[in-house]
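Asks: Okay, so here is final-v8.txt, and as you'll see once you scroll down, it has compact mmCIF, C-alpha atoms.
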# COMPACT_ATOMS: atom_id res chain seq x y z
CA MET A 1 -95.04 25.86 -106.31
CA THR A 2 -95.35 29.63 -106.64
CA LYS A 3 -96.49 29.23 -110.28
CA ARG A 4 -99.46 27.23 -109.07
CA TYR A 5 -99.97 29.54 -106.08
CA LEU A 6 -99.22 26.74 -103.66
CA ALA A 7 -96.63 28.79 -101.78
CA LYS A 8 -96.02 32.45 -100.99
CA LYS A 9 -92.59 33.99 -100.55
CA GLN A 10 -92.28 36.15 -97.48
CA ALA A 11 -89.08 37.49 -95.87
CA ASN A 12 -86.87 35.07 -97.83
CA LYS A 13 -89.06 32.18 -96.78
CA TYR A 14 -91.75 30.22 -98.54
CA LEU A 15 -95.03 29.80 -96.74
CA LEU A 16 -96.88 26.72 -97.94
CA LYS A 17 -100.61 26.87 -98.42
CA HIS A 18 -102.94 24.06 -97.36
CA ALA A 19 -103.13 22.81 -100.95
CA ALA A 20 -99.35 22.27 -101.02
CA VAL A 21 -99.50 20.35 -97.75
CA LEU A 22 -102.29 18.12 -99.05
CA LEU A 23 -100.48 17.47 -102.31
CA PHE A 24 -96.85 17.05 -101.26
CA SER A 25 -96.45 16.67 -97.50
CA LYS A 26 -95.29 13.29 -96.18
CA ASP A 27 -97.80 13.60 -93.34
CA PRO A 28 -100.66 16.01 -94.10
CA GLU A 29 -102.47 14.92 -90.92
CA LYS A 30 -99.77 16.67 -88.91
CA TYR A 31 -101.01 20.01 -90.23
CA ILE A 32 -104.58 19.31 -91.37
CA PRO A 33 -106.42 16.94 -89.01
CA SER A 34 -108.52 14.25 -90.70
CA ALA A 35 -106.83 14.71 -94.09
CA SER A 36 -107.01 10.95 -94.45
CA LEU A 37 -109.16 8.20 -95.91
CA ARG A 38 -110.70 5.25 -94.10
CA TYR A 39 -111.89 1.96 -95.64
CA ILE A 40 -114.37 -0.22 -93.74
CA ARG A 41 -115.52 -3.63 -94.95
CA TYR A 42 -118.77 -5.01 -93.54
CA GLU A 43 -119.99 -8.59 -93.57
CA GLY A 44 -123.49 -8.28 -95.00
CA LYS A 45 -125.62 -5.47 -96.32
CA GLU A 46 -125.93 -3.26 -93.22
CA ALA A 47 -123.63 -1.81 -90.56
CA LEU A 48 -124.41 -3.54 -87.26
CA THR A 49 -123.28 -2.66 -83.74
CA GLY A 50 -122.91 -4.24 -80.33
CA ALA A 51 -122.96 -8.02 -80.23
CA GLU A 52 -123.74 -8.10 -83.96
CA HIS A 53 -120.79 -5.87 -84.89
CA ASN A 54 -119.90 -6.94 -88.44
CA VAL A 55 -116.78 -4.99 -89.44
CA VAL A 56 -114.26 -7.42 -90.94
CA LYS A 57 -111.70 -4.88 -92.19
CA ASP A 58 -110.84 -1.37 -91.02
CA GLN A 59 -107.96 0.34 -92.80
CA ARG A 60 -106.85 3.97 -92.58
CA PHE A 61 -104.74 5.65 -95.29
CA GLU A 62 -102.63 8.69 -94.41
CA ASN A 63 -100.51 10.29 -97.10
CA ASN A 64 -100.44 13.18 -99.54
CA ILE A 65 -103.24 13.03 -102.10
CA PRO A 66 -101.30 11.60 -105.10
CA ASN A 67 -99.72 8.84 -103.03
CA LEU A 68 -102.98 8.22 -101.22
CA ILE A 69 -104.79 7.72 -104.55
CA ASP A 70 -102.17 5.19 -105.67
CA GLU A 71 -102.28 3.31 -102.37
CA VAL A 72 -106.07 3.14 -102.27
CA LYS A 73 -106.22 2.08 -105.92
CA ALA A 74 -103.92 -0.88 -105.30
CA PHE A 75 -105.73 -1.80 -102.08
CA LEU A 76 -109.23 -1.76 -103.59
CA ASN A 77 -108.18 -3.67 -106.70
CA ALA A 78 -106.97 -6.42 -104.37
CA SER A 79 -110.11 -6.22 -102.21
CA PHE A 80 -112.79 -6.55 -104.88
CA LYS A 81 -113.94 -9.88 -106.26
CA ASP A 82 -114.54 -10.97 -109.82
CA TYR A 83 -117.84 -12.44 -110.92
CA TYR A 84 -118.97 -14.15 -114.09
CA PHE A 85 -121.73 -13.82 -116.64
CA LEU A 86 -122.63 -16.82 -118.79
CA ASP A 87 -122.98 -15.92 -122.46
CA LEU A 88 -125.64 -18.39 -123.54
CA SER A 89 -125.03 -17.84 -127.25
CA LYS A 90 -121.37 -18.90 -126.97
CA GLY A 91 -121.31 -21.00 -123.82
CA LYS A 92 -118.49 -18.87 -122.45
CA PHE A 93 -118.13 -17.22 -119.06
CA ARG A 94 -117.25 -13.54 -119.05
CA ARG A 95 -115.34 -12.20 -116.07
CA VAL A 96 -116.83 -9.02 -114.63
CA PRO A 97 -115.29 -6.95 -111.79
CA GLU A 98 -117.35 -6.35 -108.68
CA TYR A 99 -117.23 -2.64 -109.52
CA PRO A 100 -115.60 -1.01 -112.57
CA GLU A 101 -112.33 0.64 -111.59
CA GLU A 102 -113.16 3.78 -113.54
CA ALA A 103 -116.25 4.37 -111.38
CA TRP A 104 -114.87 3.86 -107.88
CA LEU A 105 -111.50 5.47 -108.64
CA GLU A 106 -113.21 8.60 -109.96
CA GLY A 107 -115.38 8.59 -106.85
CA VAL A 108 -112.33 8.46 -104.59
CA VAL A 109 -110.46 11.15 -106.54
CA ASN A 110 -113.50 13.44 -106.53
CA ALA A 111 -113.91 13.01 -102.78
CA LEU A 112 -110.25 13.91 -102.18
CA CYS A 113 -110.39 16.81 -104.58
CA HIS A 114 -113.68 18.38 -103.50
CA ARG A 115 -114.03 17.65 -99.78
CA SER A 116 -114.15 20.45 -97.23
CA TYR A 117 -110.80 20.22 -95.45
CA ASN A 118 -111.94 22.91 -93.01
CA SER A 119 -114.34 20.35 -91.50
CA GLN A 120 -112.03 18.67 -89.04
CA GLY A 121 -112.70 15.36 -87.34
CA SER A 122 -114.23 13.62 -90.36
CA ALA A 123 -112.12 11.62 -92.80
CA ILE A 124 -113.24 10.42 -96.21
CA TYR A 125 -114.95 7.05 -95.82
CA ILE A 126 -115.18 4.10 -98.20
CA LYS A 127 -117.73 1.65 -96.81
CA HIS A 128 -117.77 -1.71 -98.58
CA PHE A 129 -120.93 -3.80 -98.15
CA GLU A 130 -121.95 -7.05 -99.83
CA ASP A 131 -124.17 -5.25 -102.34
CA ARG A 132 -122.77 -1.72 -102.56
CA LEU A 133 -119.86 0.66 -102.11
CA GLU A 134 -120.39 3.99 -100.33
CA ILE A 135 -117.90 6.85 -100.67
CA SER A 136 -118.50 9.87 -98.45
CA ASN A 137 -116.69 13.10 -97.80
CA SER A 138 -117.26 16.06 -95.50
CA GLY A 139 -118.82 19.28 -96.67
CA PRO A 140 -121.90 19.99 -98.78
CA LEU A 141 -121.82 20.14 -102.58
CA PRO A 142 -119.86 23.23 -103.66
CA ALA A 143 -121.52 26.44 -104.86
CA GLN A 144 -124.08 25.93 -107.63
CA VAL A 145 -123.69 22.15 -107.83
CA THR A 146 -126.78 20.12 -106.90
CA ILE A 147 -127.71 16.43 -106.92
CA GLU A 148 -129.78 17.12 -110.04
CA ASN A 149 -127.04 18.83 -112.08
CA ILE A 150 -123.97 17.06 -110.69
CA LYS A 151 -123.24 15.36 -114.04
CA THR A 152 -122.92 18.66 -115.93
CA GLU A 153 -122.17 21.50 -113.51
CA ARG A 154 -118.54 22.55 -113.14
CA PHE A 155 -117.06 23.77 -109.90
CA ALA A 156 -114.07 22.88 -107.73
CA ARG A 157 -114.09 23.55 -104.01
CA ASN A 158 -110.29 23.24 -103.95
CA PRO A 159 -109.22 24.66 -107.35
CA ARG A 160 -105.48 24.59 -106.63
CA VAL A 161 -105.64 20.94 -105.63
CA ALA A 162 -107.77 20.15 -108.68
CA ARG A 163 -105.36 21.95 -111.03
CA VAL A 164 -102.30 20.09 -109.80
CA LEU A 165 -104.10 16.74 -109.86
CA GLU A 166 -105.13 17.54 -113.42
CA ASP A 167 -101.48 18.26 -114.31
CA MET A 168 -100.53 14.91 -112.77
CA GLY A 169 -103.22 13.05 -114.72
CA TYR A 170 -105.54 12.22 -111.83
CA VAL A 171 -108.33 14.65 -112.71
CA ARG A 172 -109.96 15.56 -116.01
CA GLN A 173 -111.38 18.95 -116.93
CA LEU A 174 -115.01 19.95 -117.40
CA ASN A 175 -116.39 17.68 -114.70
CA GLU A 176 -115.76 14.63 -116.89
CA GLY A 177 -115.13 12.51 -113.81
CA VAL A 178 -118.75 12.31 -112.69
CA SER A 179 -119.93 11.49 -116.21
CA ARG A 180 -117.35 8.72 -116.42
CA ILE A 181 -118.71 7.21 -113.21
CA TYR A 182 -122.17 7.00 -114.79
CA GLU A 183 -120.85 5.67 -118.10
CA SER A 184 -118.62 2.97 -116.60
CA MET A 185 -121.41 1.69 -114.35
CA GLU A 186 -123.75 1.50 -117.34
CA LYS A 187 -121.18 -0.38 -119.42
CA SER A 188 -120.78 -2.90 -116.59
CA MET A 189 -124.56 -3.47 -116.55
CA LEU A 190 -124.84 -2.09 -113.01
CA SER A 191 -127.39 0.36 -111.64
CA ILE A 192 -126.76 4.08 -112.02
CA PRO A 193 -124.67 5.83 -109.32
CA GLU A 194 -126.60 7.42 -106.47
CA TYR A 195 -125.58 10.78 -105.01
CA LYS A 196 -127.11 12.25 -101.89
CA GLN A 197 -126.37 15.09 -99.48
CA ASP A 198 -127.06 14.49 -95.80
CA HIS A 199 -125.95 16.23 -92.59
CA GLY A 200 -123.35 18.30 -94.40
CA ASN A 201 -121.75 15.33 -96.18
CA VAL A 202 -121.89 14.08 -99.76
CA TYR A 203 -122.42 10.36 -100.42
CA LEU A 204 -121.83 8.37 -103.60
CA THR A 205 -123.29 4.86 -103.69
CA LEU A 206 -122.31 2.28 -106.31
CA ARG A 207 -124.56 -0.76 -106.26
CA ASN A 208 -123.39 -4.19 -107.29
CA LYS A 209 -126.34 -6.03 -108.84
CA ILE A 210 -124.08 -8.89 -109.82
CA SER A 211 -123.47 -9.98 -106.23
CA GLY A 212 -127.19 -10.40 -105.70
CA HIS A 213 -127.64 -13.20 -108.21
CA SER A 214 -124.32 -14.70 -109.31
CA LYS A 215 -121.55 -15.67 -106.94
CA THR A 216 -118.02 -16.70 -107.77
CA ILE A 217 -117.88 -19.96 -109.69
CA GLN A 218 -115.06 -22.49 -109.60
CA GLU A 219 -112.56 -22.66 -112.45
CA ASN A 220 -113.14 -26.42 -112.80
CA VAL A 221 -116.85 -25.87 -113.35
CA ILE A 222 -116.18 -23.14 -115.91
CA ALA A 223 -113.83 -25.39 -117.88
CA THR A 224 -116.26 -28.33 -117.85
CA VAL A 225 -119.21 -26.22 -119.00
CA GLU A 226 -117.27 -24.43 -121.75
CA ASP A 227 -115.71 -27.66 -123.07
CA ASN A 228 -119.07 -29.43 -123.32
CA TRP A 229 -121.43 -26.55 -124.13
CA GLY A 230 -121.85 -27.48 -127.78
CA ASN A 231 -122.92 -31.01 -126.84
CA TYR A 232 -125.58 -29.92 -124.35
CA SER A 233 -129.25 -29.86 -125.32
CA ASP A 234 -131.31 -26.70 -124.87
CA THR A 235 -132.73 -28.11 -121.64
CA GLN A 236 -129.27 -28.90 -120.28
CA GLN A 237 -128.09 -25.37 -121.13
CA ASN A 238 -131.15 -23.94 -119.39
CA ILE A 239 -130.44 -26.03 -116.28
CA ILE A 240 -126.90 -24.65 -116.12
CA ASN A 241 -128.10 -21.12 -116.72
CA TYR A 242 -130.69 -21.36 -113.93
CA LEU A 243 -128.20 -22.79 -111.43
CA PHE A 244 -125.64 -20.15 -112.33
CA ALA A 245 -128.17 -17.39 -111.62
CA HIS A 246 -129.82 -18.91 -108.52
CA GLN A 247 -127.02 -21.08 -107.05
CA VAL A 248 -129.42 -23.91 -106.04
CA ALA A 249 -132.59 -25.49 -107.45
CA THR A 250 -134.94 -28.41 -107.02
CA ILE A 251 -136.19 -30.65 -109.81
CA ALA A 252 -139.53 -28.84 -109.66
CA ASP A 253 -137.81 -25.45 -110.04
CA LEU A 254 -135.92 -26.59 -113.10
CA ALA A 255 -138.90 -28.40 -114.67
CA LYS A 256 -140.91 -25.18 -114.49
CA PHE A 257 -138.08 -23.00 -115.78
CA CYS A 258 -137.15 -25.36 -118.63
CA ASP A 259 -140.75 -26.31 -119.42
CA ALA A 260 -139.72 -29.97 -119.30
CA HIS A 261 -140.94 -33.16 -117.60
CA THR A 262 -139.50 -33.88 -114.16
CA ASN A 263 -138.14 -37.25 -115.36
CA THR A 264 -136.16 -35.46 -118.08
CA ILE A 265 -134.75 -32.97 -115.57
CA ARG A 266 -133.89 -35.76 -113.13
CA ARG A 267 -132.03 -37.69 -115.83
CA TYR A 268 -129.94 -34.68 -116.80
CA LEU A 269 -129.20 -33.79 -113.18
CA ASN A 270 -128.06 -37.33 -112.42
CA ALA A 271 -125.72 -37.18 -115.40
CA PHE A 272 -124.29 -33.84 -114.23
CA VAL A 273 -123.74 -35.30 -110.76
CA GLU A 274 -121.90 -38.31 -112.23
CA GLN A 275 -119.73 -35.92 -114.26
CA GLN A 276 -118.77 -34.09 -111.04
CA LEU A 277 -120.36 -30.91 -112.34
CA LEU A 278 -123.19 -30.75 -109.79
CA GLU A 279 -123.83 -32.06 -106.31
CA ARG A 280 -127.10 -33.19 -104.75
CA LYS A 281 -127.79 -31.64 -101.34
CA SER A 282 -129.84 -34.30 -99.58
CA ASN A 283 -129.19 -37.50 -97.64
CA LYS A 284 -132.52 -39.02 -98.61
CA GLN A 285 -132.58 -41.30 -101.64
CA ARG A 286 -136.02 -40.10 -102.73
CA ASP A 287 -136.38 -36.47 -101.76
CA PRO A 288 -138.57 -34.25 -104.00
CA ASP A 289 -137.14 -31.20 -102.25
CA ALA A 290 -133.50 -32.14 -102.79
CA GLN A 291 -131.46 -29.20 -104.02
CA TYR A 292 -128.79 -29.26 -106.70
CA ALA A 293 -125.83 -26.88 -106.99
CA PHE A 294 -122.51 -26.59 -108.77
CA LYS A 295 -119.98 -28.87 -107.13
CA LYS A 296 -117.44 -27.28 -104.80
CA TYR A 297 -114.04 -28.68 -105.59
Any chance you could give the structure as C-alpha cells?
Replies:
Amino acid sequence: MTKRYLAKKQANKYLLKHAAVLLFSKDPEKYIPSASLRYIRYEGKEALTGAEHNVVKDQRFENNIPNLIDEVKAFLNASFKDYYFLDLSKGKFRRVPEYPEEAWLEGVVNALCHRSYNSQGSAIYIKHFEDRLEISNSGPLPAQVTIENIKTERFARNPRVARVLEDMGYVRQLNEGVSRIYESMEKSMLSIPEYKQDHGNVYLTLRNKISGHSKTIQENVIATVEDNWGNYSDTQQNIINYLFAHQVATIADLAKFCDAHTNTIRRYLNAFVEQQLLERKSNKQRDPDAQYAFKKY
C-alpha cells in the first residue's frame, strides 16, 4: 500500500488513507459515511410521491469499490431486459440489451472513482426509469473538466483510487471511459449520453429509445415469424413490422401503412389469427376499430 501512497508508516504503525479504506475495507461506511451506492427502480417515466409513490425496487450496496463494482454489475445485468429488432432483409429478430453494459458500467465506475467523498450524506444513485437510466454522484465536475469537454479532458478527483482501479482493470487511462460510453450507446442505436451538473452533483442519463417503440416479444412468435418469413408477401411482412413497432393496429392503420386495400389486410390478419400468431382485441363480430396484436401465449 505504501508504494501506491495508500498508507503512511508512523511509529511502527501504518495509517491508512481514505483511498485505502474505499478500496480495501470490508465496511467503508464505518469510516466514510455515504460511501455506498443506491439503486432505485421506478414504475413509469417519472418519480412520484405520496399516494402515487412508484418505487418498485430500492437496493443499497455497501462494500469496498472493487467488490461494489462486481456486485452492481451482476445486479444490473439481472435487472435489465432484452428487446428485439426485426431485420426485414433477413426476417430475423436481433436481441438488443436495454442498455449496453459498456455504457452503464463505465458510468458506475466513473461515479465511484470521481465522486467527492468529502460530501457526506449523499450516496451514488442509480435511478432506473422505463425510458432512461440516471447515474448521479456528489460533487461538481473536477478542476478543468466541463460538460462541453468531458469526452476529452483528463482529470481524476481521486487519483490514488483511479490508479489502483486502473491496476485492477476497472479503469482505463486517458479518460477513455467517457468516450466508451458515447461509442457503446451509438453502436446500440441509442441516443447520445447526457451529462449535466446541478446543485453540486453530476448526472449521467442514458436513454433507452428501444423501450418506447418495441416491447419484449414472445419466443413462440419469434419462431413462427422466422420460420415463415420467406413465404410471406411484402404486405404480410409490412403488417408484422408495423405490429412489432407499434404493438397494436387496426385494419385502417395497416391499410394506410402497407398501401393496400382493407379487404387484403383483413384477409391476411384473419390468416394470422388462425395461425395463432395474432389476436383480435374486440368482442364485436364487425368492428372497424378492432385492434390486432401479437398473441400472448
Asks: Smallest atom-to-atom distance to A:Ile124: which of A:Gly230, A:Pro66, A:Pro288, A:Pro33, using all atoms listed in the file?
Replies: A:Pro33
Asks: Between A:His199, A:Lys187, A:Arg163, A:Arg286, single out the one closest to A:Pro97, counting all atoms listed in the file.
Replies: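 Of all the options, A:Lys187 lies closest to A:Pro97.
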Asks: Report, in Å to a single decimal, how far apart atom CA of A:Arg41 and atom CA of A:Lys57 are.
Replies: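 Interatomic distance here is 4.9 Å.
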Asks: Can you pull out every residue within 9 Å of A:Phe257, counting only C-alpha atoms, but drop anything in the same chain fewer than 5 positions away, and send it as a CSV table (one decimal) with C-alpha atoms, in the coordinates of the input?
Replies:
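selection33.csv, freshly written:
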chain,number,residue,atom,x,y,z
A,238,ASN,CA,-131.2,-23.9,-119.4
A,239,ILE,CA,-130.4,-26.0,-116.3
A,242,TYR,CA,-130.7,-21.4,-113.9
A,252,ALA,CA,-139.5,-28.8,-109.7
Asks: Counting only C-alpha atoms, which of A:Ile126, A:Ala293, A:Ala255, A:Ala156 gets nearest to A:Val171?
Replies: A:Ala156
